[in-house]
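Encoded as structure tokens, the structure appears first; notes follow it.
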Amino acid sequence: MSAFSKPNAAPVASRDDLVAYLESGSRSRDEWRIGTEHEKFPFRIADGSTLSYDEPGGIRDILKGMEQFGWTPVREGDNVIAMTREDGASISLEPAGQLELSGAQLETLHQTCVEVTTHRRHIKQVAEANGVGLIGLGFHPTARRDQMHWMPKGRYRIMRDYMPKVGTMGLDMMLRTCTVQVNLDHGSEADMVQKMRVSMALQPVATALFANSPFTEGKPNGFKSYRAHVWTDTDNARSGNLDLVFEDGFGFERYADYLLDVPMYFVYRDGGYIDASGQSFRDFMAGRLPAYPGQTPTMGDWADHMSTAFPDVRLKKYLEMRGADGGPWDRLCALPALWTGLLYDQTALDAAWDLVKDWTAEDRHRLVADVPRLALQATIGGRSVQEVAKQVLEIAHDGLARRARLNSAGDNETGFLTPLREIADSGMTAADRLLEAYDQKWKGDISRIFQDYGY
């Protein structure tokens, strides 16, 4: 589930090839795996300032410092822009140097949490040697957009120029947000459809539980998850809560058609990016792409294009849960626990579907609109999201208990839900705790956030 897959030069002969690519991700239950991803902001310990790529002790030096722990550099031209490992994991750069770990495909939550904890220890050692700290938040708490530094990746230059044409907050999404995600498998088209519907409907509940971005440029912004608010006007042609997932007949074909309607960003050839922003993959298939006339796509181009759609749940050959703010380390293990408990046990999946199946499109869209500001105090169907979250966590807990994946001490995976159950029971999100600290402990001094919440 790494962002760095093997190139696929097989030609795209027809739409059927695109559908078959999606279908090929189905796995038998015993092959289902868990892949975690999380992003964090690096900052100068001395003053909380942002890092550029090539300054001494900057982003490049942090990446290169990870070589001592078995990571191999990936270059774009002369620049190291990522690190990979033999197990398929990678460390990559978001547009402003947010450091992302894309983990290996692992069997249990115990293994994923060991992976995250080991990564924390290693990258903290490298960062501190360069005078750098790391913090997990959904939105950068202090920096203006012009204080963020662009990383030297060709696709980001294309996106930087295109984003202002299609939304007001796309550059904020690129430069000032961090998230935590989990990638999970499906067993068939029918299984994929049920999982997509459940996870798409419940994504705002995850957003509420993980709400952790109440500050913008040093002041409260009026939101619990400003990161989620940013997505409401980033690029609505490729993001959001997809109604088509809940329509009769949804499946791999309908999702492929959705992707074909998503405007392109680029074509990658010979180590460089061709700007195809706003153009049509259908035209590419017909050899009529204005940016690359007379040429037709490969399956690698299709895989690249799929990665430029940003719905709340994204289907590649697996499902990506995209609704959570970045946060502290215990919640990095909690997100995969939530979705694994809901989606990898059939009884839990059926119970979750029973919970959401009567929600209308209007209900779902109102929830998406309300949760960024209200988090657990938002409502749906006459119930608070806090109440719904408690029920969702009970379903996930029971699903993990039935999975019965034990560690060496004999513990199952349910303990990883503890941070979320505390949030749901108290009604206090991480954003609420931050705002409380800002008003009381910090007396309005936002710089304290780096000291108190840095890793």
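In the structure tokens, chains take letters A, B, ... by order of appearance, with residues numbered from 1 within each chain and ligands from 1 in the order shown.
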
| request: Please identify which residues in stretch 162-380 of chain A DSSP calls helix (DSSP H, G or I) from the backbone, and express them as a ChimeraX atom specification. | output: /A:162-165,170-176,189-209,226-233,243-246,252-261,281-285,299-306,329-343,346-356,361-377

Those same residues - C-alpha atoms - I'd like them written as a short mmCIF file (atom, residue, chain, number, x, y, z; two decimals), in the first residue's frame.
data_model
loop_
_atom_site.label_atom_id
_atom_site.label_comp_id
_atom_site.auth_asym_id
_atom_site.auth_seq_id
_atom_site.Cartn_x
_atom_site.Cartn_y
_atom_site.Cartn_z
CA TYR A 162 -3.98 24.35 -11.14
CA MET A 163 -5.52 24.44 -7.65
CA PRO A 164 -6.46 28.15 -7.60
CA LYS A 165 -8.48 27.59 -10.77
CA GLY A 170 -6.52 23.88 -2.58
CA LEU A 171 -3.17 25.44 -1.75
CA ASP A 172 -4.02 25.28 1.94
CA MET A 173 -4.81 21.58 1.53
CA MET A 174 -1.42 21.02 -0.07
CA LEU A 175 0.69 23.19 2.21
CA ARG A 176 -0.94 23.31 5.62
CA GLU A 189 -17.19 -6.43 -5.79
CA ALA A 190 -20.11 -6.93 -3.41
CA ASP A 191 -17.77 -6.70 -0.41
CA MET A 192 -16.17 -3.56 -1.82
CA VAL A 193 -19.58 -1.94 -2.32
CA GLN A 194 -20.73 -2.64 1.24
CA LYS A 195 -17.43 -1.40 2.69
CA MET A 196 -17.49 1.73 0.52
CA ARG A 197 -21.03 2.58 1.60
CA VAL A 198 -20.37 2.06 5.30
CA SER A 199 -17.06 3.91 5.32
CA MET A 200 -18.27 6.77 3.12
CA ALA A 201 -21.29 7.33 5.39
CA LEU A 202 -19.26 7.11 8.59
CA GLN A 203 -16.26 9.13 7.45
CA PRO A 204 -17.62 12.32 9.11
CA VAL A 205 -17.88 10.40 12.40
CA ALA A 206 -14.18 9.58 12.13
CA THR A 207 -13.53 13.24 11.30
CA ALA A 208 -15.32 14.23 14.52
CA LEU A 209 -13.43 11.72 16.67
CA TYR A 226 -10.28 23.04 9.85
CA ARG A 227 -8.57 20.42 7.67
CA ALA A 228 -11.98 18.92 6.87
CA HIS A 229 -13.35 22.40 6.14
CA VAL A 230 -10.50 23.03 3.70
CA TRP A 231 -11.62 20.01 1.68
CA THR A 232 -15.07 21.54 1.14
CA ASP A 233 -13.59 23.99 -1.40
CA ASP A 243 -23.48 9.95 -3.80
CA LEU A 244 -22.83 7.45 -6.58
CA VAL A 245 -21.51 4.95 -4.00
CA PHE A 246 -25.06 4.61 -2.60
CA PHE A 252 -16.13 -1.25 -10.18
CA GLU A 253 -17.54 -0.03 -13.49
CA ARG A 254 -19.32 2.96 -11.97
CA TYR A 255 -16.21 3.92 -10.03
CA ALA A 256 -14.06 3.67 -13.16
CA ASP A 257 -16.51 6.00 -14.94
CA TYR A 258 -16.26 8.44 -12.02
CA LEU A 259 -12.48 8.42 -12.33
CA LEU A 260 -12.72 9.01 -16.07
CA ASP A 261 -14.73 12.15 -15.28
CA PHE A 281 -8.30 10.72 -19.53
CA ARG A 282 -10.89 9.69 -22.13
CA ASP A 283 -9.13 11.92 -24.65
CA PHE A 284 -5.84 10.34 -23.59
CA MET A 285 -7.26 6.89 -24.35
CA MET A 299 -1.88 1.02 -16.90
CA GLY A 300 0.72 2.97 -14.94
CA ASP A 301 -0.91 6.17 -16.15
CA TRP A 302 -4.26 4.86 -14.92
CA ALA A 303 -2.77 4.10 -11.50
CA ASP A 304 -1.32 7.63 -11.38
CA HIS A 305 -4.63 9.14 -12.38
CA MET A 306 -6.49 7.19 -9.70
CA TRP A 329 0.90 8.80 18.43
CA ASP A 330 -1.77 6.87 20.34
CA ARG A 331 -4.39 7.95 17.83
CA LEU A 332 -2.23 6.83 14.91
CA CYS A 333 -2.89 3.30 16.12
CA ALA A 334 -6.55 4.05 16.85
CA LEU A 335 -7.61 4.92 13.31
CA PRO A 336 -6.72 1.53 11.79
CA ALA A 337 -8.35 -0.10 14.82
CA LEU A 338 -11.62 1.75 14.15
CA TRP A 339 -11.87 0.79 10.50
CA THR A 340 -10.44 -2.72 10.83
CA GLY A 341 -13.00 -3.47 13.52
CA LEU A 342 -15.83 -2.18 11.34
CA LEU A 343 -14.81 -3.60 7.96
CA GLN A 346 -18.82 -9.40 8.61
CA THR A 347 -21.10 -9.15 11.65
CA ALA A 348 -19.66 -5.72 12.44
CA LEU A 349 -19.91 -4.62 8.81
CA ASP A 350 -23.57 -5.64 8.68
CA ALA A 351 -24.28 -3.82 11.96
CA ALA A 352 -22.56 -0.69 10.67
CA TRP A 353 -24.61 -0.84 7.46
CA ASP A 354 -27.81 -1.19 9.50
CA LEU A 355 -26.79 1.99 11.32
CA VAL A 356 -26.33 4.12 8.18
CA ALA A 361 -27.99 11.93 0.64
CA GLU A 362 -29.19 15.15 2.26
CA ASP A 363 -28.38 13.72 5.72
CA ARG A 364 -24.89 12.71 4.64
CA HIS A 365 -24.08 16.03 3.00
CA ARG A 366 -25.35 18.02 5.96
CA LEU A 367 -23.15 15.91 8.25
CA VAL A 368 -20.10 16.56 6.06
CA ALA A 369 -20.86 20.29 6.22
CA ASP A 370 -21.51 20.43 9.98
CA VAL A 371 -18.80 18.19 11.44
CA PRO A 372 -15.78 20.40 10.66
CA ARG A 373 -17.24 23.12 12.91
CA LEU A 374 -19.24 21.10 15.44
CA ALA A 375 -17.46 17.71 15.56
CA LEU A 376 -19.25 15.49 18.10
CA GLN A 377 -22.00 18.07 18.62
#

| said: Give me, as a list of chain:residue names, all polymer residues having an atom no more than 12 Å from A:Ala129, counting only C-alpha atoms and skipping those fewer than 2 positions away in the same chain. | reply: A:Arg44, A:Ile45, A:Pro56, A:Gly57, A:Gly58, A:Asp61, A:Ile62, A:Gly65, A:Met66, A:His122, A:Ile123, A:Lys124, A:Gln125, A:Val126, A:Ala127, A:Gly131, A:Val132, A:Gly133

| Using only C-alpha atoms: which of A:His186, A:His38, A:Arg288, A:Lys317 has the shortest distance to A:Leu18 |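 Closest candidate: A:Lys317.
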
| said: So that I can check the surroundings of stretch 324-327 of chain A, please list as a list of chain:residue names every protein, DNA and RNA residue that reaches within 8 Å of it, counting only C-alpha atoms and ignoring chain neighbours fewer than 6 positions away. | reply: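 Listing them by chain and then by number gives A:His38, A:Glu39, A:Lys40, A:Ile135, A:Gly136, A:Leu137, A:Gly138, A:Phe139, A:Cys178, A:Thr179, A:Val180, A:Gln181, A:Ala206, A:Thr207, A:Phe210, A:Ala211, A:Asn212, A:Ser213, A:Ser225, A:Arg227, A:Ala228, A:Leu335.
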
For those residues, write N, CA and C atoms to a file as a PDB file, in the first residue's frame.
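Heads up, here's the output in out.pdb:
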ATOM      1  N   HIS A  38       0.501   8.149   7.837  1.00  0.00           N
ATOM      2  CA  HIS A  38       0.295   9.346   8.651  1.00  0.00           C
ATOM      3  C   HIS A  38       1.302  10.411   8.263  1.00  0.00           C
ATOM      4  N   GLU A  39       0.885  11.666   8.426  1.00  0.00           N
ATOM      5  CA  GLU A  39       1.707  12.824   8.093  1.00  0.00           C
ATOM      6  C   GLU A  39       1.942  13.653   9.355  1.00  0.00           C
ATOM      7  N   LYS A  40       3.066  14.346   9.397  1.00  0.00           N
ATOM      8  CA  LYS A  40       3.342  15.255  10.511  1.00  0.00           C
ATOM      9  C   LYS A  40       4.138  16.451  10.011  1.00  0.00           C
ATOM     10  N   ILE A 135       5.208  17.468  14.858  1.00  0.00           N
ATOM     11  CA  ILE A 135       3.926  17.614  15.530  1.00  0.00           C
ATOM     12  C   ILE A 135       2.815  17.104  14.628  1.00  0.00           C
ATOM     13  N   GLY A 136       1.839  16.422  15.223  1.00  0.00           N
ATOM     14  CA  GLY A 136       0.694  15.898  14.492  1.00  0.00           C
ATOM     15  C   GLY A 136      -0.546  16.729  14.743  1.00  0.00           C
ATOM     16  N   LEU A 137      -0.971  17.462  13.746  1.00  0.00           N
ATOM     17  CA  LEU A 137      -2.177  18.277  13.784  1.00  0.00           C
ATOM     18  C   LEU A 137      -2.821  18.233  12.402  1.00  0.00           C
ATOM     19  N   GLY A 138      -4.105  18.536  12.324  1.00  0.00           N
ATOM     20  CA  GLY A 138      -4.756  18.517  11.031  1.00  0.00           C
ATOM     21  C   GLY A 138      -4.435  19.710  10.161  1.00  0.00           C
ATOM     22  N   PHE A 139      -4.089  20.840  10.800  1.00  0.00           N
ATOM     23  CA  PHE A 139      -3.777  22.066  10.063  1.00  0.00           C
ATOM     24  C   PHE A 139      -2.660  22.777  10.809  1.00  0.00           C
ATOM     25  N   CYS A 178      -2.376  17.995   7.468  1.00  0.00           N
ATOM     26  CA  CYS A 178      -1.820  16.650   7.710  1.00  0.00           C
ATOM     27  C   CYS A 178      -2.970  15.717   8.085  1.00  0.00           C
ATOM     28  N   THR A 179      -2.826  14.471   7.700  1.00  0.00           N
ATOM     29  CA  THR A 179      -3.870  13.490   7.959  1.00  0.00           C
ATOM     30  C   THR A 179      -3.256  12.180   8.430  1.00  0.00           C
ATOM     31  N   VAL A 180      -4.132  11.311   8.921  1.00  0.00           N
ATOM     32  CA  VAL A 180      -3.772   9.913   9.185  1.00  0.00           C
ATOM     33  C   VAL A 180      -4.795   9.061   8.451  1.00  0.00           C
ATOM     34  N   GLN A 181      -4.339   8.017   7.797  1.00  0.00           N
ATOM     35  CA  GLN A 181      -5.208   7.179   6.971  1.00  0.00           C
ATOM     36  C   GLN A 181      -4.936   5.708   7.250  1.00  0.00           C
ATOM     37  N   ALA A 206     -15.625   9.653  11.887  1.00  0.00           N
ATOM     38  CA  ALA A 206     -14.184   9.579  12.126  1.00  0.00           C
ATOM     39  C   ALA A 206     -13.575  10.976  12.180  1.00  0.00           C
ATOM     40  N   THR A 207     -14.022  11.861  11.283  1.00  0.00           N
ATOM     41  CA  THR A 207     -13.533  13.239  11.298  1.00  0.00           C
ATOM     42  C   THR A 207     -13.791  13.880  12.655  1.00  0.00           C
ATOM     43  N   PHE A 210     -11.489  12.471  15.406  1.00  0.00           N
ATOM     44  CA  PHE A 210     -10.085  12.839  15.221  1.00  0.00           C
ATOM     45  C   PHE A 210      -9.887  14.345  15.048  1.00  0.00           C
ATOM     46  N   ALA A 211     -10.934  15.148  15.273  1.00  0.00           N
ATOM     47  CA  ALA A 211     -10.840  16.589  15.060  1.00  0.00           C
ATOM     48  C   ALA A 211      -9.693  17.184  15.873  1.00  0.00           C
ATOM     49  N   ASN A 212      -8.767  17.848  15.169  1.00  0.00           N
ATOM     50  CA  ASN A 212      -7.523  18.267  15.822  1.00  0.00           C
ATOM     51  C   ASN A 212      -6.886  19.431  15.075  1.00  0.00           C
ATOM     52  N   SER A 213      -7.717  20.382  14.613  1.00  0.00           N
ATOM     53  CA  SER A 213      -7.146  21.523  13.879  1.00  0.00           C
ATOM     54  C   SER A 213      -7.965  22.782  14.113  1.00  0.00           C
ATOM     55  N   SER A 225     -12.248  20.785  13.121  1.00  0.00           N
ATOM     56  CA  SER A 225     -11.381  20.212  12.084  1.00  0.00           C
ATOM     57  C   SER A 225     -11.344  21.177  10.904  1.00  0.00           C
ATOM     58  N   ARG A 227      -9.012  21.229   8.801  1.00  0.00           N
ATOM     59  CA  ARG A 227      -8.574  20.416   7.667  1.00  0.00           C
ATOM     60  C   ARG A 227      -9.775  19.914   6.881  1.00  0.00           C
ATOM     61  N   ALA A 228     -10.783  19.414   7.571  1.00  0.00           N
ATOM     62  CA  ALA A 228     -11.980  18.924   6.873  1.00  0.00           C
ATOM     63  C   ALA A 228     -12.705  20.068   6.174  1.00  0.00           C
ATOM     64  N   LEU A 335      -6.857   4.847  14.562  1.00  0.00           N
ATOM     65  CA  LEU A 335      -7.611   4.917  13.309  1.00  0.00           C
ATOM     66  C   LEU A 335      -7.690   3.566  12.608  1.00  0.00           C
TER      67      LEU A 335
END

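Within stretch 128-158 of chain A, DSSP applied to the backbone places the following residues in strand (DSSP E): Val132, Gly133, Leu134 and Ile135 of chain A.
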
| field | atom CA of A:Gly454 to atom CA of A:Lys219, distance in Å rounded to a single decimal | value | 18.2 Å

| task | Would you please work out which residue, of A:Phe69, A:Phe41, A:Tyr344, A:Tyr156, is nearest to A:His119 when using only C-alpha atoms? | result |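 Checking each of A:Phe69, A:Phe41, A:Tyr344, A:Tyr156 against A:His119, counting only C-alpha atoms, the winner is A:Phe69.
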
| query | What is the distance, in Å and to one decimal place, between atom CA of A:Gly271 and atom CA of A:Pro152? | reply | 13.4 Å

| Of the candidates A:Pro141, A:Gly187, A:Gly154, A:Gly278, which one gets nearest to A:Ser24 if we count only C-alpha atoms? | A:Gly187

| field | Atomic separation - atom CA of A:Val166 relative to atom CA of A:Leu315, Å | value |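 Taking atom CA of A:Leu315 and atom CA of A:Val166, their separation equals 22.5 Å.
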
| With only C-alpha atoms as the atoms that count, which of A:Leu434, A:Arg120, A:Thr50, A:Gly77 lies nearest to A:Tyr273? | A:Gly77

Considering only C-alpha atoms, return as an mmCIF file with N, CA and C atoms, in the first residue's frame whatever protein or nucleic-acid residues lie within 7 Å of A:Ala89, sequence-local ones (same chain, fewer than 3 positions apart) excluded.
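Output (part07.cif):
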data_model
loop_
_atom_site.group_PDB
_atom_site.id
_atom_site.type_symbol
_atom_site.label_atom_id
_atom_site.label_comp_id
_atom_site.auth_asym_id
_atom_site.auth_seq_id
_atom_site.Cartn_x
_atom_site.Cartn_y
_atom_site.Cartn_z
ATOM 1 N N SER A 2 2.091 1.076 -0.378
ATOM 2 C CA SER A 2 2.988 2.215 -0.496
ATOM 3 C C SER A 2 2.614 3.078 -1.673
ATOM 4 N N THR A 84 12.437 4.485 0.593
ATOM 5 C CA THR A 84 11.681 3.240 0.549
ATOM 6 C C THR A 84 12.413 2.153 1.324
ATOM 7 N N ARG A 85 11.662 1.104 1.633
ATOM 8 C CA ARG A 85 12.214 -0.020 2.370
ATOM 9 C C ARG A 85 11.776 -1.310 1.703
ATOM 10 N N SER A 102 4.162 5.789 4.817
ATOM 11 C CA SER A 102 3.220 4.837 4.248
ATOM 12 C C SER A 102 3.722 3.457 4.627
ATOM 13 N N GLY A 103 3.005 2.803 5.518
ATOM 14 C CA GLY A 103 3.507 1.573 6.105
ATOM 15 C C GLY A 103 3.397 0.370 5.192
ATOM 16 N N ALA A 104 4.024 -0.709 5.643
ATOM 17 C CA ALA A 104 3.952 -1.984 4.944
ATOM 18 C C ALA A 104 2.561 -2.596 5.109
#

| said: For stretch 25-34 of chain A, find every residue with an atom within 7 Å (counting only C-alpha atoms), except residues of its own chain fewer than 6 positions away, and show them as a count of residues only. | reply: 12
